[in-house]
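Okay, structure first, notes after.
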Amino acid sequence: MKKNEEYDLIQSFINIDLGSTKKILNNNEYYLNRQKSVFMVLLTQCFINLQKKGDTKLYVSDGRCMFPTFNVNSYTFTGNFTGNYLELNIHAEEGRVTGLSECYCYSTEDNSEMQSVRLYIDPKRGSTL
């Protein structure tokens, strides 16, 4: 069976599992336009903030990114307690994760999450709580 890093990465986010996330991501790739080590520091802080607010896992659904590019799948990760959420694009080729980006322009067709806080991993972009 072919290894599917994208699926494994989604599972690591669902479980707020930094150890698994770190193992899946490649040291030679960039995530949010940053080296893996810098990205992991930002992700750690984001996950800690979610957990401090009471989230113990994240629910995943199809993302609403308006401009996904080739080899990119958009996902929304929503806290099981707070309802706060992240909009992420996973860049993958043949199941291998080649990058991550945050979606900044997404569809508001489904406004059910709009009462919750939209979170960003990158603190320069918006609230990380």
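Residues are referred to by chain and number: the chain letter is A, B, ... according to the order shown in the structure tokens, the number counts from 1 in that chain, and ligands are numbered separately from 1 in the order shown.
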- Surrounding residues of Ser116 (chain A) excluding itself and chain neighbours under 4 positions, 8 Å, only C-alpha atoms, as a list in words: Thr82, Gly83, Asn84 and Tyr85 of chain A
Near region 24-38 of chain A, 6 Å: region 54-109 of chain A residue rows, closest pairs, only C-alpha atoms, as a Markdown table:
```
| residue | atom | partner | partner_atom | distance |
| --- | --- | --- | --- | --- |
| A:Gly99 | CA | A:Tyr31 | CA | 5.1 |
| A:Leu100 | CA | A:Tyr31 | CA | 4.7 |
| A:Ser101 | CA | A:Leu32 | CA | 4.9 |
```
Can you spit out the residues from that selection as an mmCIF file, in the first residue's frame, using C-alpha atoms?
```cif
data_model
loop_
_atom_site.group_PDB
_atom_site.id
_atom_site.type_symbol
_atom_site.label_atom_id
_atom_site.label_comp_id
_atom_site.auth_asym_id
_atom_site.auth_seq_id
_atom_site.Cartn_x
_atom_site.Cartn_y
_atom_site.Cartn_z
ATOM 1 C CA GLY A 99 3.796 22.235 1.559
ATOM 2 C CA LEU A 100 1.110 23.920 3.649
ATOM 3 C CA SER A 101 -0.544 27.285 3.314
#
```
- Considering only C-alpha atoms, return as a count of residues only whatever protein or nucleic-acid residues lie within 9 Å of Asp55 (chain A), sequence-local ones (same chain, fewer than 2 positions apart) excluded. 14
- Task: Give me the residues within 8 Å of Leu42 (chain A) as JSON, numbers by chain, counting only C-alpha atoms and dropping any in the same chain fewer than 2 places off.
- Result: {"A": [38, 39, 40, 44, 45, 46, 121, 122, 123]}
Would you mind exporting the chosen residues as a PDB file, in the first residue's frame, restricted to C-alpha atoms?
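out-v1.pdb, freshly written:
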```
ATOM      1  CA  VAL A  38      10.003  27.572  12.365  1.00  0.00           C
ATOM      2  CA  PHE A  39       6.617  26.262  11.221  1.00  0.00           C
ATOM      3  CA  MET A  40       6.587  23.701  14.049  1.00  0.00           C
ATOM      4  CA  THR A  44       2.910  24.310  18.615  1.00  0.00           C
ATOM      5  CA  GLN A  45       1.746  27.691  19.897  1.00  0.00           C
ATOM      6  CA  CYS A  46      -1.496  27.444  17.924  1.00  0.00           C
ATOM      7  CA  ILE A 121      -1.016  29.518  12.556  1.00  0.00           C
ATOM      8  CA  ASP A 122       0.949  32.516  11.279  1.00  0.00           C
ATOM      9  CA  PRO A 123       0.544  35.295  13.891  1.00  0.00           C
TER      10      PRO A 123
END
```
- Message: Excluding Gln11 (chain A) and its own-chain neighbours fewer than 2 positions away, which residues fall within 12 Å of it when counting only C-alpha atoms? Please give them as a ChimeraX atom specification.
- Response: /A:4-9,13-21,24,57-60,77
Output N, CA and C atoms for every residue in the selection just made, as a short mmCIF file (atom, residue, chain, number, x, y, z; two decimals), in the first residue's frame.
```cif
data_model
loop_
_atom_site.label_atom_id
_atom_site.label_comp_id
_atom_site.auth_asym_id
_atom_site.auth_seq_id
_atom_site.Cartn_x
_atom_site.Cartn_y
_atom_site.Cartn_z
N ASN A 4 0.46 7.50 2.36
CA ASN A 4 -0.28 8.72 2.08
C ASN A 4 -0.06 9.72 3.20
N GLU A 5 0.93 10.57 3.02
CA GLU A 5 1.27 11.55 4.04
C GLU A 5 0.15 12.56 4.27
N GLU A 6 -0.58 12.89 3.21
CA GLU A 6 -1.67 13.85 3.37
C GLU A 6 -2.71 13.33 4.36
N TYR A 7 -3.11 12.08 4.20
CA TYR A 7 -4.07 11.48 5.13
C TYR A 7 -3.49 11.47 6.55
N ASP A 8 -2.24 11.05 6.68
CA ASP A 8 -1.60 11.00 8.00
C ASP A 8 -1.51 12.39 8.64
N LEU A 9 -1.22 13.41 7.82
CA LEU A 9 -1.14 14.77 8.34
C LEU A 9 -2.51 15.23 8.85
N PHE A 13 -3.49 16.41 12.71
CA PHE A 13 -4.18 17.65 13.08
C PHE A 13 -5.45 17.34 13.87
N ILE A 14 -6.21 16.35 13.42
CA ILE A 14 -7.43 15.96 14.14
C ILE A 14 -7.12 15.66 15.60
N ASN A 15 -6.02 14.96 15.82
CA ASN A 15 -5.65 14.54 17.17
C ASN A 15 -4.76 15.55 17.90
N ILE A 16 -4.52 16.70 17.29
CA ILE A 16 -3.64 17.72 17.85
C ILE A 16 -2.33 17.07 18.32
N ASP A 17 -1.73 16.31 17.41
CA ASP A 17 -0.57 15.48 17.69
C ASP A 17 0.67 16.06 17.01
N LEU A 18 1.40 16.86 17.76
CA LEU A 18 2.59 17.52 17.20
C LEU A 18 3.70 16.53 16.84
N GLY A 19 3.84 15.47 17.63
CA GLY A 19 4.87 14.47 17.36
C GLY A 19 4.68 13.82 16.00
N SER A 20 3.45 13.43 15.70
CA SER A 20 3.17 12.82 14.40
C SER A 20 3.33 13.82 13.27
N THR A 21 2.87 15.05 13.51
CA THR A 21 3.01 16.09 12.48
C THR A 21 4.47 16.29 12.13
N ILE A 24 5.85 13.52 9.93
CA ILE A 24 5.31 13.48 8.57
C ILE A 24 5.95 14.54 7.68
N LYS A 57 -9.56 17.90 20.39
CA LYS A 57 -9.37 17.37 19.04
C LYS A 57 -9.96 18.37 18.06
N LEU A 58 -9.65 18.18 16.79
CA LEU A 58 -10.18 19.03 15.73
C LEU A 58 -11.01 18.19 14.78
N TYR A 59 -12.15 18.72 14.40
CA TYR A 59 -12.96 18.08 13.36
C TYR A 59 -12.48 18.60 12.01
N VAL A 60 -12.51 17.74 11.01
CA VAL A 60 -12.07 18.16 9.68
C VAL A 60 -13.26 18.13 8.72
N PHE A 77 -10.30 22.87 9.84
CA PHE A 77 -10.12 22.13 11.09
C PHE A 77 -10.79 22.93 12.19
#
```
- Task: Could you give me the residues within region 7-124 of chain A that DSSP places in strand (DSSP E), as a VMD selection string?
- Result: chain A and resid 30 to 31 34 to 35 58 to 62 72 to 79 85 to 93 96 to 102
- Item | In chain A, DSSP alpha helix (DSSP H) residues written as an MDAnalysis selection string | chainID A and resid 5:14 18:24 36:52
Hey, can you spit out that residue selection with C-alpha atoms as a PDB file, in the first residue's frame?
```pdb
ATOM      1  CA  GLU A   5       1.274  11.552   4.040  1.00  0.00           C
ATOM      2  CA  GLU A   6      -1.675  13.855   3.374  1.00  0.00           C
ATOM      3  CA  TYR A   7      -4.070  11.475   5.128  1.00  0.00           C
ATOM      4  CA  ASP A   8      -1.604  11.002   8.003  1.00  0.00           C
ATOM      5  CA  LEU A   9      -1.144  14.767   8.343  1.00  0.00           C
ATOM      6  CA  ILE A  10      -4.901  15.290   8.530  1.00  0.00           C
ATOM      7  CA  GLN A  11      -5.088  12.651  11.266  1.00  0.00           C
ATOM      8  CA  SER A  12      -2.278  14.341  13.209  1.00  0.00           C
ATOM      9  CA  PHE A  13      -4.182  17.645  13.075  1.00  0.00           C
ATOM     10  CA  ILE A  14      -7.435  15.963  14.137  1.00  0.00           C
ATOM     11  CA  LEU A  18       2.592  17.518  17.199  1.00  0.00           C
ATOM     12  CA  GLY A  19       4.875  14.473  17.358  1.00  0.00           C
ATOM     13  CA  SER A  20       3.167  12.817  14.397  1.00  0.00           C
ATOM     14  CA  THR A  21       3.008  16.090  12.482  1.00  0.00           C
ATOM     15  CA  LYS A  22       6.744  16.579  12.916  1.00  0.00           C
ATOM     16  CA  LYS A  23       7.475  13.048  11.669  1.00  0.00           C
ATOM     17  CA  ILE A  24       5.306  13.484   8.569  1.00  0.00           C
ATOM     18  CA  LYS A  36       9.895  23.185   9.023  1.00  0.00           C
ATOM     19  CA  SER A  37      11.497  24.061  12.372  1.00  0.00           C
ATOM     20  CA  VAL A  38      10.003  27.572  12.365  1.00  0.00           C
ATOM     21  CA  PHE A  39       6.617  26.262  11.221  1.00  0.00           C
ATOM     22  CA  MET A  40       6.587  23.701  14.049  1.00  0.00           C
ATOM     23  CA  VAL A  41       7.143  26.471  16.645  1.00  0.00           C
ATOM     24  CA  LEU A  42       4.150  28.403  15.249  1.00  0.00           C
ATOM     25  CA  LEU A  43       1.979  25.277  15.055  1.00  0.00           C
ATOM     26  CA  THR A  44       2.910  24.310  18.615  1.00  0.00           C
ATOM     27  CA  GLN A  45       1.746  27.691  19.897  1.00  0.00           C
ATOM     28  CA  CYS A  46      -1.496  27.444  17.924  1.00  0.00           C
ATOM     29  CA  PHE A  47      -2.230  23.944  19.258  1.00  0.00           C
ATOM     30  CA  ILE A  48      -1.405  25.017  22.837  1.00  0.00           C
ATOM     31  CA  ASN A  49      -3.818  27.927  22.504  1.00  0.00           C
ATOM     32  CA  LEU A  50      -6.569  25.627  21.234  1.00  0.00           C
ATOM     33  CA  GLN A  51      -6.008  23.226  24.117  1.00  0.00           C
ATOM     34  CA  LYS A  52      -5.995  26.037  26.701  1.00  0.00           C
TER      35      LYS A  52
END
```
- Message: What's the separation between CA of His91 (chain A) and CA of Thr56 (chain A), in Å to one decimal place?
- Response: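 Atom-to-atom, CA of His91 (chain A) and CA of Thr56 (chain A) are spaced 25.5 Å apart.
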- Message: Report, in Å with one decimal, the straight-line distance from CA of Gly54 (chain A) to CA of Ile90 (chain A).
- Response: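 CA of Ile90 (chain A) lies 25.5 Å from CA of Gly54 (chain A).
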- Message: For a test of reading the model, state the distance in Å between CA of Glu93 (chain A) and CA of Thr76 (chain A), rounded to one decimal.
- Response: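 The value is 19.9 Å.
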- A:Val97, A:Tyr104, A:Leu86, A:Asp62 ranked by distance to Ser74 (chain A), top pick (using only C-alpha atoms):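 Checking each of A:Val97, A:Tyr104, A:Leu86, A:Asp62 against Ser74 (chain A), counting only C-alpha atoms, the winner is A:Asp62.
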